[in-house]
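Student: Please find one structure pasted underneath; my questions will follow.
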Amino acid sequence: MDRDPELDIVPSDGEPTAIDVAPAPTEDGASRRERAQALGLHWHEDPIEADPEAVALVEADVAVRLRVVPVAISDGRLVVVMVDPLDIGAADEIGVRTSMPVDRQGMEQSLFADLLRANYGTTASKMADALAGEADDDSDDLEHNLDAFETDDIHRMAEEPTLVNLVNLLLIEAIQSRTSDVHVEPFEDELKVRYRIDGMLHEQPPPPKHLQAALIGRIKIMASMNIAERYVPQDGKISLRYEGRKIDIRVSTVPTLYGESVVMRILDKSQLMLEFDALGMRPHLQERMDTLLAKPHGMVLVTGPTGSGKTTTLYASLKRIFDPSRKIITIEDPVEYELPGINQIPVNPKRGLSFASGLRSILRQDPDIVLVGEVRDGETADIAIRSALTGHLILSTLHTNDAISSIGRLTDMGVEPFLAASVLEGLMAQRLGRRICEHCREQVKMTDDDIARVTDTEHAFLGDTIWHGRGCEKCNHTGYRGRVAFYEIIAMHGPLRRAVSREADMATLKAALPDDFATMRQDGMNRIKDGVSSISEVLRATQDASDEVQ
């Protein structure tokens with residue numbers, strides 16, 4: 001990193017507090033000994049005993065944090081043994097706390113752990129060992145055991161400057177690299193960190209395994225989670241101020257075989273694209289969406305798997321149709337981004353606020369447009385359908401492979417086919433693919449492998465040359481920077497409504513689609529021809545939703 005930026009943590013009860021982000025220097029024991037002896041500082045090669053009077057001058061948590069044990073008082077001076085006697089800052093703090101000048105001496109970590117244990121107890125020595133990364137032989141596989149640390153131990157370790165800096169740097173690097181999710185994954189012999197950038201996971205240099213308990217504990221403290229609970233999934237939230245902008249981080253933990261796995265989803269509002277153009281929607285599809293959103297009532301569904309950008313498309317839709325003369329309410333799980341002028345309700349099942357119960361209450365708020373984060377069950381589907389029948393425009397999402405499959409999904413939930421035919425106005429499906437880097441893109445001839453992966457019709461449409469990302473510093477030499485959506489949109493019309501009301505099979509429904517309907521894959525082919533994405537990305541994103549022969 002070129003510089004150490006300022007990272008602000010927003011506490012729940014105060015103003016953002018600036019935190020200095022500077023990695024702590026590391027040095028092995030041999031180097032510390034040689035440097036200390038070169039400066040004339042005494043280095044203990046054998047165990048020693050400490051004077052209880054001297055030990056009483058420094059509290060246990062301070063001794064662990066600074067890795068210092070006071071061992072004697074000589075001629076009005078306090079003699080301290082340190083893992084790193086060159087740590088002037090630690091010695092100065094001891095001097096200030098005790099109001100005595102300090103003489104420094106050094107000792108190997110293993111001997112120091114014994115000294116710390118003898119004077120401050122077993123817990124203190126374990127904490128010092130873990131922070132130093134050199135747990136003694138009696139630790140019983142300390143770093144692999146979920147129960148190795150007491151809650152108070154983890155809490156103290158998580159407040160260590162080294163841990164604070166490590167987690168802050170982790171978040172800063174993720175934000176700077178446009179990461180959407182940070183994965184911290186414990187395994188038997190290592191602690192992996194991976195960043196999801198433009199939809200793909202990239203492995204990062206792993207932090208030391210011995211810091212696992214403290215690092216995860218630090219994240220949980222920042223997210224206001226229960227640090228003592230390590231055997232059930234938890235959710236939390238971190239709010240940051242980075243370079244003047246607010247960033248929210250959703251934190252999720254689940255217990256695994258070797259500890260808690262953590263995923264942090266970074267929600268950077270400044271990076272949120274709320275324009276159809278920016279999302280990659282072509283002009284004729286925008287016109288179709290505008291027609292659907294202009295309906296006074298009915299239901300518009302956006303479908304796709306988790307992480308396909310459904311919520312972002314709906315947010316962009318709300319921004320497009322927002323008008324102070326209309327009341328818009330959303331109910332979401334969770335509320336990902338705050339939209340000005342729109343009432344947003346977070347689902348809270350623990351307090352009895354589900355999509356179904358929340359939607360009932362919303363209808364008593366006199367809304368014009370309602371966004372339901374997801375239709376998950378029959379009850380929610382039934383209320384949403386009946387709301388659309390009574391003069392409300394309902395926008396929502398479903399988990400299906402393509403747009404037309406959402407009709408079958410609704411009937412599976414118990415919605416009567418004639419009701420679905422009456423209220424449905426539009427069905428959309430989408431996927432996300434990576435965008436070719438604009439800084440290094442170039443035209444190249446299609447390879448034999450490219451030709452083999454597309455149909456003859458698609459090959460004829462694309463021609464013999466396509467766009468390709470060469471790779472540069474802007475895109476981290478991947479050839480891609482950012483993402484683009486591939487869409488299919490169905491505007492309900494007479495033949496399709498009649499087929500839905502008759503509970504027709506899927507083949508009949510597809511035969512009733514409008515003549516100008518284009519699949520996500522066909523939309524992706526247009527983005528390839530425009531130089532926005534590549535064949536590999538379009539096929540990767542849309543192959544599960546396409547029945548075309550390749």
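By convention in this document, the chains of the structure tokens carry letters A, B, ... by their order, each chain's residues are numbered from 1, and ligands are numbered from 1 in the order they are shown.
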Residues within 12 Å of stretch 356-363 of chain A, please, as a compact mmCIF listing (two decimals) with N, CA, C and O atoms, in the first residue's frame. Count only C-alpha atoms; anything in the same chain fewer than 4 positions from it doesn't count.

Tutor:
```
# COMPACT_ATOMS: atom_id res chain seq x y z
N LYS A 327 -46.14 7.42 -2.62
CA LYS A 327 -45.50 6.83 -1.45
C LYS A 327 -44.95 5.46 -1.80
O LYS A 327 -45.68 4.59 -2.29
N ILE A 328 -43.65 5.29 -1.53
CA ILE A 328 -42.98 4.02 -1.81
C ILE A 328 -42.48 3.44 -0.50
O ILE A 328 -41.82 4.12 0.29
N ILE A 329 -42.80 2.16 -0.25
CA ILE A 329 -42.34 1.46 0.95
C ILE A 329 -41.67 0.16 0.53
O ILE A 329 -42.15 -0.53 -0.38
N THR A 330 -40.58 -0.18 1.19
CA THR A 330 -39.93 -1.47 0.93
C THR A 330 -39.87 -2.28 2.22
O THR A 330 -39.84 -1.71 3.31
N ILE A 331 -39.87 -3.60 2.07
CA ILE A 331 -39.58 -4.48 3.20
C ILE A 331 -38.52 -5.46 2.71
O ILE A 331 -38.71 -6.16 1.71
N GLU A 332 -37.37 -5.48 3.41
CA GLU A 332 -36.20 -6.19 2.90
C GLU A 332 -35.52 -6.99 4.01
O GLU A 332 -35.70 -6.70 5.20
N ASP A 333 -34.73 -7.95 3.60
CA ASP A 333 -33.97 -8.78 4.55
C ASP A 333 -32.56 -9.02 4.02
O ASP A 333 -32.33 -9.97 3.28
N ASN A 343 -39.46 4.82 2.31
CA ASN A 343 -39.58 4.16 3.62
C ASN A 343 -39.11 2.72 3.49
O ASN A 343 -39.72 1.94 2.73
N GLN A 344 -38.07 2.35 4.23
CA GLN A 344 -37.52 1.01 4.13
C GLN A 344 -37.64 0.29 5.48
O GLN A 344 -37.24 0.83 6.52
N ILE A 345 -38.16 -0.92 5.43
CA ILE A 345 -38.41 -1.70 6.64
C ILE A 345 -37.54 -2.95 6.62
O ILE A 345 -37.61 -3.73 5.68
N PRO A 346 -36.72 -3.16 7.66
CA PRO A 346 -35.94 -4.41 7.72
C PRO A 346 -36.74 -5.53 8.36
O PRO A 346 -37.41 -5.35 9.38
N VAL A 347 -36.71 -6.71 7.74
CA VAL A 347 -37.36 -7.89 8.32
C VAL A 347 -36.66 -8.25 9.63
O VAL A 347 -35.44 -8.18 9.74
N ASN A 348 -37.45 -8.64 10.63
CA ASN A 348 -36.90 -9.02 11.93
C ASN A 348 -37.69 -10.20 12.48
O ASN A 348 -38.60 -10.02 13.30
N PRO A 349 -37.38 -11.43 12.03
CA PRO A 349 -38.16 -12.60 12.46
C PRO A 349 -38.17 -12.80 13.97
O PRO A 349 -39.15 -13.29 14.53
N ARG A 351 -38.48 -10.72 16.22
CA ARG A 351 -39.52 -9.88 16.83
C ARG A 351 -40.87 -10.05 16.13
O ARG A 351 -41.77 -9.24 16.30
N GLY A 352 -40.97 -11.08 15.31
CA GLY A 352 -42.25 -11.36 14.66
C GLY A 352 -42.53 -10.58 13.40
O GLY A 352 -43.66 -10.60 12.90
N PRO A 367 -49.65 2.93 0.72
CA PRO A 367 -48.58 3.06 -0.26
C PRO A 367 -49.11 3.05 -1.69
O PRO A 367 -50.23 2.58 -1.96
N ASP A 368 -48.30 3.57 -2.61
CA ASP A 368 -48.60 3.44 -4.03
C ASP A 368 -47.77 2.31 -4.65
O ASP A 368 -48.25 1.57 -5.50
N ILE A 369 -46.51 2.22 -4.20
CA ILE A 369 -45.59 1.21 -4.73
C ILE A 369 -44.96 0.49 -3.55
O ILE A 369 -44.53 1.12 -2.57
N VAL A 370 -44.90 -0.84 -3.62
CA VAL A 370 -44.32 -1.63 -2.54
C VAL A 370 -43.24 -2.55 -3.13
O VAL A 370 -43.48 -3.24 -4.13
N LEU A 371 -42.07 -2.54 -2.52
CA LEU A 371 -41.02 -3.49 -2.89
C LEU A 371 -40.92 -4.54 -1.79
O LEU A 371 -40.67 -4.21 -0.63
N VAL A 372 -41.13 -5.79 -2.15
CA VAL A 372 -40.98 -6.91 -1.22
C VAL A 372 -39.67 -7.60 -1.56
O VAL A 372 -39.50 -8.09 -2.69
N GLY A 373 -38.74 -7.61 -0.62
CA GLY A 373 -37.39 -8.11 -0.90
C GLY A 373 -37.38 -9.47 -1.57
O GLY A 373 -36.60 -9.72 -2.49
N GLU A 374 -38.26 -10.38 -1.15
CA GLU A 374 -38.31 -11.71 -1.76
C GLU A 374 -39.64 -12.37 -1.42
O GLU A 374 -40.10 -12.29 -0.28
N VAL A 375 -40.23 -13.02 -2.40
CA VAL A 375 -41.41 -13.86 -2.15
C VAL A 375 -40.90 -15.24 -1.81
O VAL A 375 -40.47 -16.00 -2.68
N ARG A 376 -40.92 -15.57 -0.52
CA ARG A 376 -40.30 -16.80 -0.04
C ARG A 376 -41.29 -17.94 0.20
O ARG A 376 -40.91 -19.10 0.21
N ASP A 377 -42.55 -17.59 0.46
CA ASP A 377 -43.49 -18.64 0.85
C ASP A 377 -44.88 -18.30 0.32
O ASP A 377 -45.13 -17.22 -0.23
N GLY A 378 -45.78 -19.26 0.48
CA GLY A 378 -47.13 -19.09 -0.03
C GLY A 378 -47.87 -17.94 0.59
O GLY A 378 -48.65 -17.25 -0.09
N GLU A 379 -47.67 -17.71 1.90
CA GLU A 379 -48.38 -16.63 2.58
C GLU A 379 -47.98 -15.28 2.01
O GLU A 379 -48.83 -14.43 1.71
N THR A 380 -46.67 -15.07 1.85
CA THR A 380 -46.20 -13.80 1.28
C THR A 380 -46.69 -13.64 -0.15
O THR A 380 -47.12 -12.55 -0.56
N ALA A 381 -46.63 -14.73 -0.94
CA ALA A 381 -47.10 -14.68 -2.33
C ALA A 381 -48.58 -14.31 -2.40
O ALA A 381 -48.98 -13.47 -3.22
N ASP A 382 -49.38 -14.91 -1.52
CA ASP A 382 -50.83 -14.64 -1.53
C ASP A 382 -51.12 -13.18 -1.20
O ASP A 382 -51.94 -12.53 -1.87
N ILE A 383 -50.45 -12.65 -0.17
CA ILE A 383 -50.69 -11.25 0.22
C ILE A 383 -50.22 -10.31 -0.88
O ILE A 383 -50.88 -9.32 -1.21
N ALA A 384 -49.06 -10.62 -1.49
CA ALA A 384 -48.54 -9.77 -2.56
C ALA A 384 -49.48 -9.76 -3.76
O ALA A 384 -49.77 -8.70 -4.35
N ILE A 385 -49.99 -10.93 -4.12
CA ILE A 385 -50.92 -11.03 -5.26
C ILE A 385 -52.18 -10.21 -4.99
O ILE A 385 -52.65 -9.43 -5.84
N ARG A 386 -52.73 -10.37 -3.80
CA ARG A 386 -53.97 -9.65 -3.48
C ARG A 386 -53.72 -8.14 -3.36
O ARG A 386 -54.61 -7.34 -3.66
N SER A 387 -52.53 -7.76 -2.94
CA SER A 387 -52.18 -6.32 -2.90
C SER A 387 -52.13 -5.75 -4.31
O SER A 387 -52.57 -4.62 -4.56
N ALA A 388 -51.57 -6.53 -5.24
CA ALA A 388 -51.50 -6.08 -6.62
C ALA A 388 -52.90 -5.96 -7.23
O ALA A 388 -53.14 -5.12 -8.11
N THR A 390 -55.51 -4.95 -5.63
CA THR A 390 -56.26 -3.85 -5.00
C THR A 390 -55.62 -2.49 -5.25
O THR A 390 -55.76 -1.57 -4.45
N GLY A 391 -54.87 -2.38 -6.36
CA GLY A 391 -54.42 -1.05 -6.76
C GLY A 391 -53.00 -0.68 -6.39
O GLY A 391 -52.66 0.50 -6.41
N HIS A 392 -52.16 -1.65 -6.03
CA HIS A 392 -50.77 -1.35 -5.70
C HIS A 392 -49.84 -1.95 -6.75
O HIS A 392 -50.13 -3.02 -7.31
N LEU A 393 -48.75 -1.27 -7.01
CA LEU A 393 -47.71 -1.83 -7.86
C LEU A 393 -46.71 -2.54 -6.95
O LEU A 393 -46.09 -1.91 -6.07
N ILE A 394 -46.58 -3.84 -7.12
CA ILE A 394 -45.72 -4.66 -6.27
C ILE A 394 -44.47 -5.06 -7.07
O ILE A 394 -44.59 -5.64 -8.16
N SER A 396 -40.94 -7.35 -6.68
CA SER A 396 -40.35 -8.35 -5.80
C SER A 396 -39.40 -9.24 -6.57
O SER A 396 -39.21 -9.08 -7.78
```

Student: From a DSSP pass on the backbone, collect the residues of stretch 277-353 of chain A flagged as strand (DSSP E or B) and hand them back as a compact mmCIF listing (two decimals) with N, CA, C and O atoms, in the first residue's frame.

Tutor:
```txt
# COMPACT_ATOMS: atom_id res chain seq x y z
N GLY A 298 -50.40 -3.98 -10.24
CA GLY A 298 -49.91 -5.23 -10.80
C GLY A 298 -48.61 -5.64 -10.12
O GLY A 298 -48.19 -5.05 -9.12
N MET A 299 -47.98 -6.67 -10.66
CA MET A 299 -46.76 -7.20 -10.05
C MET A 299 -45.68 -7.38 -11.11
O MET A 299 -45.93 -7.88 -12.20
N VAL A 300 -44.47 -6.95 -10.75
CA VAL A 300 -43.29 -7.14 -11.58
C VAL A 300 -42.29 -7.94 -10.77
O VAL A 300 -41.94 -7.55 -9.64
N LEU A 301 -41.85 -9.08 -11.32
CA LEU A 301 -40.93 -9.96 -10.60
C LEU A 301 -39.57 -9.97 -11.29
O LEU A 301 -39.49 -10.04 -12.52
N VAL A 302 -38.52 -9.93 -10.48
CA VAL A 302 -37.14 -10.07 -10.96
C VAL A 302 -36.60 -11.38 -10.40
O VAL A 302 -36.65 -11.60 -9.19
N THR A 303 -36.09 -12.24 -11.26
CA THR A 303 -35.66 -13.56 -10.82
C THR A 303 -34.18 -13.78 -11.10
O THR A 303 -33.57 -13.10 -11.93
N ILE A 328 -43.65 5.29 -1.53
CA ILE A 328 -42.98 4.02 -1.81
C ILE A 328 -42.48 3.44 -0.50
O ILE A 328 -41.82 4.12 0.29
N ILE A 329 -42.80 2.16 -0.25
CA ILE A 329 -42.34 1.46 0.95
C ILE A 329 -41.67 0.16 0.53
O ILE A 329 -42.15 -0.53 -0.38
N THR A 330 -40.58 -0.18 1.19
CA THR A 330 -39.93 -1.47 0.93
C THR A 330 -39.87 -2.28 2.22
O THR A 330 -39.84 -1.71 3.31
N ILE A 331 -39.87 -3.60 2.07
CA ILE A 331 -39.58 -4.48 3.20
C ILE A 331 -38.52 -5.46 2.71
O ILE A 331 -38.71 -6.16 1.71
N GLU A 332 -37.37 -5.48 3.41
CA GLU A 332 -36.20 -6.19 2.90
C GLU A 332 -35.52 -6.99 4.01
O GLU A 332 -35.70 -6.70 5.20
N ASN A 343 -39.46 4.82 2.31
CA ASN A 343 -39.58 4.16 3.62
C ASN A 343 -39.11 2.72 3.49
O ASN A 343 -39.72 1.94 2.73
N GLN A 344 -38.07 2.35 4.23
CA GLN A 344 -37.52 1.01 4.13
C GLN A 344 -37.64 0.29 5.48
O GLN A 344 -37.24 0.83 6.52
N ILE A 345 -38.16 -0.92 5.43
CA ILE A 345 -38.41 -1.70 6.64
C ILE A 345 -37.54 -2.95 6.62
O ILE A 345 -37.61 -3.73 5.68
N PRO A 346 -36.72 -3.16 7.66
CA PRO A 346 -35.94 -4.41 7.72
C PRO A 346 -36.74 -5.53 8.36
O PRO A 346 -37.41 -5.35 9.38
N ASN A 348 -37.45 -8.64 10.63
CA ASN A 348 -36.90 -9.02 11.93
C ASN A 348 -37.69 -10.20 12.48
O ASN A 348 -38.60 -10.02 13.30
N LEU A 353 -41.50 -9.90 12.85
CA LEU A 353 -41.70 -9.12 11.64
C LEU A 353 -41.16 -9.92 10.45
O LEU A 353 -39.97 -9.92 10.17
```

Student: Can you build me a table of stretch 429-473 of chain A residues sitting at most 12 Å from stretch 264-280 of chain A, with the closest atom pair per residue and its distance in Å to one decimal, using only C-alpha atoms, sorted by chain and residue number, as a Markdown table?

Tutor:
```
| residue | atom | partner | partner_atom | distance |
| --- | --- | --- | --- | --- |
| A:Gln430 | CA | A:Leu279 | CA | 10.9 |
| A:Arg431 | CA | A:Gly280 | CA | 11.1 |
| A:Leu432 | CA | A:Leu279 | CA | 9.5 |
| A:Gly433 | CA | A:Gly280 | CA | 10.3 |
| A:Arg434 | CA | A:Gly280 | CA | 11.1 |
| A:Arg435 | CA | A:Gly280 | CA | 9.6 |
```

Student: If you count only C-alpha atoms, which residues fall within 9 Å of stretch 440-442 of chain A, apart from same-chain ones fewer than 6 positions away, as a PDB file with all heavy atoms, in the first residue's frame?

Tutor:
```
ATOM      1  N   ILE A 466     -13.678 -10.571 -31.879  1.00  0.00           N
ATOM      2  CA  ILE A 466     -14.355 -10.203 -30.637  1.00  0.00           C
ATOM      3  C   ILE A 466     -13.398  -9.354 -29.804  1.00  0.00           C
ATOM      4  O   ILE A 466     -12.202  -9.242 -30.125  1.00  0.00           O
ATOM      5  CB  ILE A 466     -14.798 -11.440 -29.826  1.00  0.00           C
ATOM      6  CG1 ILE A 466     -13.599 -12.360 -29.566  1.00  0.00           C
ATOM      7  CG2 ILE A 466     -15.912 -12.178 -30.548  1.00  0.00           C
ATOM      8  CD1 ILE A 466     -13.916 -13.546 -28.682  1.00  0.00           C
ATOM      9  N   TRP A 467     -13.904  -8.781 -28.735  1.00  0.00           N
ATOM     10  CA  TRP A 467     -13.081  -7.966 -27.851  1.00  0.00           C
ATOM     11  C   TRP A 467     -12.497  -8.829 -26.735  1.00  0.00           C
ATOM     12  O   TRP A 467     -13.104  -9.802 -26.301  1.00  0.00           O
ATOM     13  CB  TRP A 467     -13.899  -6.824 -27.262  1.00  0.00           C
ATOM     14  CG  TRP A 467     -14.263  -5.783 -28.287  1.00  0.00           C
ATOM     15  CD1 TRP A 467     -15.380  -5.761 -29.066  1.00  0.00           C
ATOM     16  CD2 TRP A 467     -13.497  -4.643 -28.652  1.00  0.00           C
ATOM     17  NE1 TRP A 467     -15.371  -4.677 -29.886  1.00  0.00           N
ATOM     18  CE2 TRP A 467     -14.225  -3.962 -29.661  1.00  0.00           C
ATOM     19  CE3 TRP A 467     -12.276  -4.120 -28.226  1.00  0.00           C
ATOM     20  CZ2 TRP A 467     -13.770  -2.789 -30.240  1.00  0.00           C
ATOM     21  CZ3 TRP A 467     -11.822  -2.944 -28.812  1.00  0.00           C
ATOM     22  CH2 TRP A 467     -12.553  -2.293 -29.807  1.00  0.00           C
ATOM     23  N   HIS A 468     -11.320  -8.400 -26.279  1.00  0.00           N
ATOM     24  CA  HIS A 468     -10.580  -9.178 -25.279  1.00  0.00           C
ATOM     25  C   HIS A 468      -9.814  -8.207 -24.379  1.00  0.00           C
ATOM     26  O   HIS A 468      -9.326  -7.176 -24.852  1.00  0.00           O
ATOM     27  CB  HIS A 468      -9.613 -10.117 -26.013  1.00  0.00           C
ATOM     28  CG  HIS A 468      -8.512 -10.675 -25.154  1.00  0.00           C
ATOM     29  ND1 HIS A 468      -8.699 -11.730 -24.288  1.00  0.00           N
ATOM     30  CD2 HIS A 468      -7.197 -10.307 -25.025  1.00  0.00           C
ATOM     31  CE1 HIS A 468      -7.554 -11.994 -23.674  1.00  0.00           C
ATOM     32  NE2 HIS A 468      -6.634 -11.151 -24.098  1.00  0.00           N
ATOM     33  N   GLY A 469      -9.734  -8.525 -23.077  1.00  0.00           N
ATOM     34  CA  GLY A 469      -8.947  -7.709 -22.148  1.00  0.00           C
ATOM     35  C   GLY A 469      -7.521  -8.237 -22.057  1.00  0.00           C
ATOM     36  O   GLY A 469      -7.308  -9.380 -21.641  1.00  0.00           O
ATOM     37  N   ARG A 470      -6.563  -7.420 -22.451  1.00  0.00           N
ATOM     38  CA  ARG A 470      -5.164  -7.854 -22.460  1.00  0.00           C
ATOM     39  C   ARG A 470      -4.624  -8.034 -21.047  1.00  0.00           C
ATOM     40  O   ARG A 470      -3.810  -8.908 -20.782  1.00  0.00           O
ATOM     41  CB  ARG A 470      -4.321  -6.825 -23.222  1.00  0.00           C
ATOM     42  CG  ARG A 470      -2.853  -7.203 -23.412  1.00  0.00           C
ATOM     43  CD  ARG A 470      -2.116  -6.134 -24.231  1.00  0.00           C
ATOM     44  NE  ARG A 470      -2.124  -4.837 -23.575  1.00  0.00           N
ATOM     45  CZ  ARG A 470      -2.871  -3.811 -23.954  1.00  0.00           C
ATOM     46  NH1 ARG A 470      -3.700  -3.929 -24.983  1.00  0.00           N
ATOM     47  NH2 ARG A 470      -2.820  -2.656 -23.316  1.00  0.00           N
ATOM     48  N   GLY A 471      -5.091  -7.212 -20.107  1.00  0.00           N
ATOM     49  CA  GLY A 471      -4.592  -7.236 -18.730  1.00  0.00           C
ATOM     50  C   GLY A 471      -3.688  -6.053 -18.463  1.00  0.00           C
ATOM     51  O   GLY A 471      -2.738  -5.810 -19.219  1.00  0.00           O
ATOM     52  N   CYS A 472      -3.996  -5.314 -17.416  1.00  0.00           N
ATOM     53  CA  CYS A 472      -3.182  -4.139 -17.073  1.00  0.00           C
ATOM     54  C   CYS A 472      -3.280  -3.902 -15.568  1.00  0.00           C
ATOM     55  O   CYS A 472      -3.961  -4.633 -14.844  1.00  0.00           O
ATOM     56  CB  CYS A 472      -3.658  -2.908 -17.845  1.00  0.00           C
ATOM     57  SG  CYS A 472      -5.361  -2.394 -17.445  1.00  0.00           S
ATOM     58  N   LYS A 474      -4.803  -1.524 -14.051  1.00  0.00           N
ATOM     59  CA  LYS A 474      -6.147  -1.075 -13.662  1.00  0.00           C
ATOM     60  C   LYS A 474      -7.052  -2.250 -13.313  1.00  0.00           C
ATOM     61  O   LYS A 474      -7.929  -2.144 -12.453  1.00  0.00           O
ATOM     62  CB  LYS A 474      -6.777  -0.260 -14.787  1.00  0.00           C
ATOM     63  CG  LYS A 474      -6.078   1.055 -15.079  1.00  0.00           C
ATOM     64  CD  LYS A 474      -6.396   2.102 -14.039  1.00  0.00           C
ATOM     65  CE  LYS A 474      -5.844   3.457 -14.435  1.00  0.00           C
ATOM     66  NZ  LYS A 474      -6.139   4.498 -13.419  1.00  0.00           N
ATOM     67  N   CYS A 475      -6.867  -3.374 -14.006  1.00  0.00           N
ATOM     68  CA  CYS A 475      -7.727  -4.541 -13.781  1.00  0.00           C
ATOM     69  C   CYS A 475      -6.986  -5.656 -13.064  1.00  0.00           C
ATOM     70  O   CYS A 475      -7.438  -6.811 -13.063  1.00  0.00           O
ATOM     71  CB  CYS A 475      -8.294  -5.045 -15.100  1.00  0.00           C
ATOM     72  SG  CYS A 475      -7.062  -5.602 -16.296  1.00  0.00           S
ATOM     73  N   GLY A 479      -7.860  -8.640 -17.067  1.00  0.00           N
ATOM     74  CA  GLY A 479      -8.579  -8.348 -18.307  1.00  0.00           C
ATOM     75  C   GLY A 479     -10.013  -7.903 -18.084  1.00  0.00           C
ATOM     76  O   GLY A 479     -10.714  -7.556 -19.031  1.00  0.00           O
ATOM     77  N   TYR A 480     -10.458  -7.913 -16.819  1.00  0.00           N
ATOM     78  CA  TYR A 480     -11.832  -7.533 -16.492  1.00  0.00           C
ATOM     79  C   TYR A 480     -11.834  -6.505 -15.361  1.00  0.00           C
ATOM     80  O   TYR A 480     -11.027  -6.578 -14.432  1.00  0.00           O
ATOM     81  CB  TYR A 480     -12.654  -8.746 -16.045  1.00  0.00           C
ATOM     82  CG  TYR A 480     -12.798  -9.831 -17.091  1.00  0.00           C
ATOM     83  CD1 TYR A 480     -11.964 -10.947 -17.085  1.00  0.00           C
ATOM     84  CD2 TYR A 480     -13.779  -9.748 -18.072  1.00  0.00           C
ATOM     85  CE1 TYR A 480     -12.099 -11.957 -18.039  1.00  0.00           C
ATOM     86  CE2 TYR A 480     -13.927 -10.753 -19.028  1.00  0.00           C
ATOM     87  CZ  TYR A 480     -13.075 -11.840 -19.009  1.00  0.00           C
ATOM     88  OH  TYR A 480     -13.218 -12.824 -19.944  1.00  0.00           O
ATOM     89  N   GLY A 531     -18.473  -5.305 -27.330  1.00  0.00           N
ATOM     90  CA  GLY A 531     -17.169  -5.202 -26.684  1.00  0.00           C
ATOM     91  C   GLY A 531     -17.250  -5.005 -25.186  1.00  0.00           C
ATOM     92  O   GLY A 531     -16.276  -4.595 -24.556  1.00  0.00           O
TER      93      GLY A 531
END
```

Student: Rank nothing, just name the residue among A:Leu240, A:Val262, A:Ala38, A:Ile247 nearest to A:Gln212, using only C-alpha atoms.

Tutor: A:Val262

Student: Have a look at atom CA of A:Glu108 and atom CA of A:Arg67 and let me know their distance in Å, one decimal.

Tutor: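 It comes out at 11.5 Å.
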
Student: Can you pull out the residues contacting A:Gln109? Cut-off 7 Å, using only C-alpha atoms, and skip same-chain residues under 3 positions away; I want them as a PyMOL selection string.

Tutor: chain A and resi 83+112-113

Student: Please dump the current selection as an mmCIF file, in the first residue's frame; keep N, CA and C atoms.

Tutor:
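Final output, saved to selection-v3.cif:
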```cif
data_model
loop_
_atom_site.group_PDB
_atom_site.id
_atom_site.type_symbol
_atom_site.label_atom_id
_atom_site.label_comp_id
_atom_site.auth_asym_id
_atom_site.auth_seq_id
_atom_site.Cartn_x
_atom_site.Cartn_y
_atom_site.Cartn_z
ATOM 1 N N VAL A 83 10.256 -9.680 25.990
ATOM 2 C CA VAL A 83 10.507 -10.494 24.803
ATOM 3 C C VAL A 83 11.318 -9.680 23.798
ATOM 4 N N PHE A 112 10.155 -16.726 28.630
ATOM 5 C CA PHE A 112 9.302 -15.615 29.041
ATOM 6 C C PHE A 112 7.899 -16.116 29.382
ATOM 7 N N ALA A 113 7.376 -17.088 28.597
ATOM 8 C CA ALA A 113 6.052 -17.642 28.879
ATOM 9 C C ALA A 113 6.007 -18.283 30.260
#
```

Student: Quick one: everything within 6 Å of A:Gly304, counting only C-alpha atoms, minus sequence neighbours fewer than 2 positions away in the same chain. Send it as an MDAnalysis selection string.

Tutor: chainID A and resid 399:401 429:430

Student: For those residues, write N, CA, C and O atoms to a file as a compact mmCIF listing (two decimals), in the first residue's frame.

Tutor:
```txt
# COMPACT_ATOMS: atom_id res chain seq x y z
N HIS A 399 -36.42 -16.77 -6.69
CA HIS A 399 -35.24 -17.56 -7.06
C HIS A 399 -35.65 -18.60 -8.10
O HIS A 399 -36.16 -19.67 -7.76
N THR A 400 -35.48 -18.28 -9.37
CA THR A 400 -35.73 -19.22 -10.45
C THR A 400 -34.65 -19.08 -11.50
O THR A 400 -33.90 -18.09 -11.51
N ASN A 401 -34.56 -20.06 -12.40
CA ASN A 401 -33.50 -20.04 -13.41
C ASN A 401 -33.73 -19.03 -14.51
O ASN A 401 -32.78 -18.45 -15.04
N ALA A 429 -35.49 -11.83 -15.71
CA ALA A 429 -34.43 -12.66 -15.15
C ALA A 429 -33.10 -12.00 -15.50
O ALA A 429 -32.99 -11.31 -16.53
N GLN A 430 -32.10 -12.22 -14.67
CA GLN A 430 -30.80 -11.60 -14.95
C GLN A 430 -29.68 -12.41 -14.35
O GLN A 430 -29.86 -13.21 -13.43
```

Student: Name the residues of stretch 216-460 of chain A that come out as alpha helix (DSSP H) in a backbone DSSP run; write them as number ranges by chain.

Tutor: A: 216-222, 276-279, 283-293, 310-321, 355-362, 378-389, 405-412, 417-423, 448-453, 456-460

Student: Which one of A:Lys192, A:Arg65, A:His202, A:Arg288 sits closest to A:Asp516 if you count only C-alpha atoms?

Tutor: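 The shortest atom-to-atom distance to A:Asp516 comes from A:Arg288.
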
Student: Smallest atom-to-atom distance to A:Asp515: which of A:Pro495, A:Lys209, A:Glu537, A:Ile342, using only C-alpha atoms?

Tutor: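 Using only C-alpha atoms, the shortest distance to A:Asp515 belongs to A:Pro495.
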
Student: Can you work out the spacing between atom CA of A:Gly259 and atom CA of A:Leu201 in Å, to one decimal?

Tutor: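 Taking atom CA of A:Gly259 as the start and atom CA of A:Leu201 as the end point, the length is 20.8 Å.
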